[in-house]
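Down below is the structure, laid out as structure tokens.
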Amino acid sequence: MQRFIIRRLFHGVIVVFLAVTAVFFMLRLTGDPVLLFAPMDTSAKDLDEIRERLGFNDPLWVQYGRYMRDALQGDFGESTRLHRPALEVVLERMPATMELGMTALVISLVVGIPLGVLAAVRHGSVWDRLAGLLAVIGQAVPNFWLGLLLILLFAVALHWLPTSGRGSWQQLIMPATALAAASIARYARLARSTMLDVLRQDYIRTAHAKGLAGHTVLWRHAFKNASISLITTTGLEIGRLLGGAVVIEQIFAWPGIGRVTVQALLNRDFAVVTAAVVLFAVIYTVANLLTDIAYAWVNPQVRLS
Amino acid sequence: MSSPRDFNGIVYDLLTGRTSRREFIKRAAALGLSASAIAAILAACGGGSDDEATTPAGGSGTGGSAQTPTGSGTPTGDGSSGSGGSGGTLDRLVIALGADARTLIPNTVVDATTNWQIENIFDPVLRRDPNNDFRVGPWLGELTSIDDLTWEIKIVRDDIKFHNGEPFDAESIKVSLEYALNPDNNSHYLERYQPITNIEVVDPMTVRLTTSEPYPILPTRLADLYPIPPKYLEEKGIEYVSQNPVGTGPFKFKEWVRDEYLLLERNPDYWRGPVAVETLEFRYIPEFSSRLSALLAGEVDIIKDVPVDAIERVNSSGIARAEEIPSSRINYVALVNNREGSIMADKRVRQAINYGVNVDAIIDGVFQGHATRMAGALSKINPQVDPSIQPYPYDPEKAKQLLEEAGIQPGTEIIFDSSQGRYPMDTDAAQAIAAELEQLGFRVTVQYNEWGTHLDKIVNRRTGDIFYLGWGPALDAEGTLRYLFVGDSTYSGYTNPEVEAVIAEASQTVDPEKAQELWNQVQQMVWEDAGWLFLWQQHDIYGVSNRVDWTPRVDESLFMGDAKPRES
């Protein structure tokens, strides 16, 4: 187990390293950040002085080497726009993104899985078809569009919920729902198909034949086995939710990492974008590691080695 | 509450012509002055005198027991302001912005979003006056030119205080300039104040500035100078002050949560009298459609850049209305003449494009009339525009003839770079322009760039033959013509040594009339030589809540010192 974790952590470091390297070079191909934060009437001479001061005049590989050296010591540079440490700018948004992401995850689990189970148990019924329809819609509708639609309906037309921002639980409902929609759909489909699979197994028939109560068979025997595949997807789902949060945070003015990243991208605030990518990569890696551990815990047949 | 000061403020406004007599009567009545007292003051001040009075000598005698309307301000629930009269207050005004301020210490970054917030906490030394064609006029101070190299700032009143009680005086102006001039502070204004070589505090009310060369643009520059309290800055340090601003302005800083909101509260001791808004909030909502929704849901009161196709929706909402003003920002298509081998180096080609593109039709079609055509390089609302210049008439025949003379074959390719999402309707406008150029026989490829890429291409001269750009706020000749047409000219794409020579002379000429003649000459030369495809000023369209009375300004300022509840 320990060796497994160490090896996975090592893989994680490689993933983060590759992500940072790719982002570092790609960003620098997209334009000169100095032009975006200096006023348009700055003279060419002054622009060059700023570039010199920030080290943008050095060859790319020199900049890369310097960046990596500092990053290894925990220094991810300073935001050129805000004049604050980039990691601090990103880390202070963590709680907001976690709040949104975790709420969305809980919603998708709580809504998606029962929906899928219901569809499997009532296979072929109206419930099944309804769940199928919801799943298709949830996966097909882009989340930004759903977000705007929710705002128009619940905030502008009905005045039930505030349009945007963070602070009260009412403000969490729409962004979390919009973010969760696709996840709900995926969980429902997966829960349905794995449950259908499991319900056809011999041991379920045996359990029924033994005269066990219906719900005991369903939850203790069937669902427990189906849940293994649901747990594996959760690691991936966390990654998807983080990605989706980039768009949702923008629409709902949610002050999280996604929003700060988009803004930093538009401003070519290299240090902040890179710090955010590092953070995303770390979260993703850790989430996947935890998933694997949970997987082993639920299913003793899986040996982590 | 400081009643004598409020009183001073409105009398001062009356004396300096910032307040009309009618407005004065309203405000004085709100302060509790009797009708006879008001009449007496009006008589004493002389009807509509234009003389630049200094301080209004203490407001002696009259109306000693004036009361501010603060304490018992009209309660405004959520929604309509139920205020009965003109003296009412707005308990809360929310402005939605797309982005956060970069810092809250002034004199540091040139950034519109940052400035919209700072200008409500701080007062500038000089300010553009909407009642005088937006020319720079007195505010905290008044500027006089002593000779070509010497200027004097006189502070208008001796009782102006910062929010922390520190007095505002000549020293604060000096310290603020020195702050910007200190290279360690990385101020964007450093370059703009660089010609100032000596800052002398003559007495607590007077600062004398010496410049290394004649610097006629100094008034414009001082309209960007927002004094900061010297003691506070010294004690707390820049880092702290940039998050806890203290100014002299109409609003005091309360709270700033990055990427969420900035909360300001009314300064009850404002030297010009307390303003009508009690709490001012800037809320950051990056997505435009979400800002519009927030306006229509009644959550925010002012948003900027309503697209023309949403005007109807705003106006018919019953909750807000669209307010429109031609922006001082100018839009043009640069015809890059300063690059080897460019067909745009030929004046006839540039003229042909000006004759051959039906700009009026694009304004009607794309902007549905919400733009104002520019004749030359300066807009109509620029106080230094040469009004004799008329737009190129639409004459496609003449255009084709000019192209033929220049030896341009039909099918000649033009690469056209346009921004995408930087200006309202920019991609639609670019498409329309491209279509017009194709009518002239060009084969046009339009490249749409995200803003950062667009800028990068322009500055590094990697654009196509022509590119679309806006420049603003452009409210004086020098700030527009010199910065665009002298030196590298990357943003204008147009180089002409003769034009540069006249600009060099004009920007050293302090005498306003002589300078104007030279600026007129520059404008005529650029027009005649068809330096750009001259386009339009976009109209800034704001969505304003029906409970708020506020008039947008051409310089895009969001100063809320004059916002009031709307009488319905």
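Residues are named by chain letter and number: chains run A, B, ... in the order of the structure tokens, numbers start at 1 in each chain, and ligands are numbered from 1 in the order shown.
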
(request) List the neighbours of Ser328 of chain B out to 6 Å using only C-alpha atoms; skip same-chain residues closer than 2 positions along the sequence, and give me the result as a PyMOL selection string. (result) chain B and resi 473-474+554-555

May I have the residues from that selection written out with C-alpha atoms, as an mmCIF file, in the first residue's frame?
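Result went into result.cif, see below:
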```cif
data_model
loop_
_atom_site.group_PDB
_atom_site.id
_atom_site.type_symbol
_atom_site.label_atom_id
_atom_site.label_comp_id
_atom_site.auth_asym_id
_atom_site.auth_seq_id
_atom_site.Cartn_x
_atom_site.Cartn_y
_atom_site.Cartn_z
ATOM 1 C CA PRO B 473 -10.365 58.768 -23.681
ATOM 2 C CA ALA B 474 -9.307 61.305 -26.324
ATOM 3 C CA VAL B 554 -17.998 61.396 -22.368
ATOM 4 C CA ASP B 555 -14.799 60.512 -20.519
#
```

Listing only residues of segment 513-568 of chain B within 12 Å of segment 493-500 of chain B, what is the closest atom pair and its distance in Å (to one decimal) for each, using only C-alpha atoms, sorted by chain and residue number ascending, as CSV?
```
residue,atom,partner,partner_atom,distance
B:Leu518,CA,B:Val499,CA,10.3
B:Trp519,CA,B:Val499,CA,10.0
B:Asn520,CA,B:Val499,CA,11.2
B:Gln521,CA,B:Val499,CA,8.6
B:Val522,CA,B:Val499,CA,6.0
B:Gln523,CA,B:Val499,CA,8.9
B:Gln524,CA,B:Val499,CA,9.7
B:Met525,CA,B:Val499,CA,6.8
B:Val526,CA,B:Val499,CA,7.3
B:Trp527,CA,B:Val499,CA,10.9
B:Glu528,CA,B:Val499,CA,11.3
B:Asp529,CA,B:Asn496,CA,9.1
B:Ala530,CA,B:Tyr494,CA,9.5
B:Gly531,CA,B:Tyr494,CA,5.9
B:Trp532,CA,B:Tyr494,CA,7.5
B:Leu533,CA,B:Tyr494,CA,11.0
```

Selection from above, C-alpha atoms, as an mmCIF file, in the first residue's frame, can you write it?
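The resulting file, again27.cif, is reproduced below:
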```
data_model
loop_
_atom_site.group_PDB
_atom_site.id
_atom_site.type_symbol
_atom_site.label_atom_id
_atom_site.label_comp_id
_atom_site.auth_asym_id
_atom_site.auth_seq_id
_atom_site.Cartn_x
_atom_site.Cartn_y
_atom_site.Cartn_z
ATOM 1 C CA LEU B 518 -0.844 74.240 -34.954
ATOM 2 C CA TRP B 519 -3.134 71.397 -33.888
ATOM 3 C CA ASN B 520 -5.603 72.446 -36.588
ATOM 4 C CA GLN B 521 -2.795 72.254 -39.097
ATOM 5 C CA VAL B 522 -1.943 68.734 -37.942
ATOM 6 C CA GLN B 523 -5.546 67.623 -38.249
ATOM 7 C CA GLN B 524 -5.839 69.045 -41.750
ATOM 8 C CA MET B 525 -2.623 67.364 -42.861
ATOM 9 C CA VAL B 526 -3.680 63.990 -41.522
ATOM 10 C CA TRP B 527 -7.102 64.333 -43.119
ATOM 11 C CA GLU B 528 -5.768 65.443 -46.499
ATOM 12 C CA ASP B 529 -3.167 62.683 -46.491
ATOM 13 C CA ALA B 530 -5.838 60.167 -45.456
ATOM 14 C CA GLY B 531 -3.743 58.866 -42.571
ATOM 15 C CA TRP B 532 -6.520 56.529 -41.468
ATOM 16 C CA LEU B 533 -9.872 55.316 -42.573
#
```

(message) What's around Leu280 of chain B at 8 Å? Count only C-alpha atoms, leave out sequence neighbours fewer than 3 positions away in its own chain, and write the answer as a ChimeraX atom specification.
(response) /B:92-95,251,263-266,277

(message) Give me, as a PyMOL selection string, the residues of segment 459-495 of chain B that a backbone DSSP run labels alpha helix (DSSP H).
(response) chain B and resi 459+477+483-485

(request) Select all residues from chain B having any atom no more than 7 Å from an atom of chain A (counting only C-alpha atoms, ignoring ligands), output as a list in words. (result)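 For chain B, the answer reads Arg102, Val110, His188, Asp259, Glu260, Tyr284, Ile285, Pro286, Glu287, Ser290, Ser293, Ala294, Leu296, Ala297, Gly452, Thr453, Leu455, Asp456 and Tyr483 of chain B.
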
(request) Just the residues within 12 Å of segment 181-186 of chain B, please, counting only C-alpha atoms, with nothing from its chain fewer than 2 positions along; format it as a PyMOL selection string. (result) (chain A and resi 37-38+46-47+49-50+53-54+80-81+83) or (chain B and resi 105-110+174-179+188-199+225+237-239+242)

(message) I want to know what sits within 9 Å of segment 115-131 of chain B, based on only C-alpha atoms, with residues of the same chain fewer than 3 positions away left out; could you give that as a ChimeraX atom specification?
(response) /B:17-18,101,103-106,109-112,134-143,153,155,162,173,219-228,245-253,262,264,282,553-561

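When atom CA of Leu230 of chain A is paired with atom CA of Asp292 of chain A, their separation reads 11.9 Å.
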
(request) Skip segment 382-393 of chain B itself and residues of its chain fewer than 2 positions away, then list as a ChimeraX atom specification all residues within 6 Å of it, counting only C-alpha atoms. (result) /B:355,375,378-380,395,475-477,520

(message) Applying 9 Å and only C-alpha atoms, which residues near Arg339 of chain B remain after dropping the ones on its own chain fewer than 5 positions away? List them as an NGL selection string.
(response) :B and (344-345 or 461 or 465 or 493)

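Counting from atom CA of Asp417 of chain B, the distance to atom CA of Gln447 of chain B is 4.8 Å.
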
(message) Let me make sure I understand: among B:Trp451, B:Phe442, B:Phe168, B:Tyr423, which one has the smallest atom-to-atom distance to Lys304 of chain B if we use only C-alpha atoms?
(response) B:Tyr423
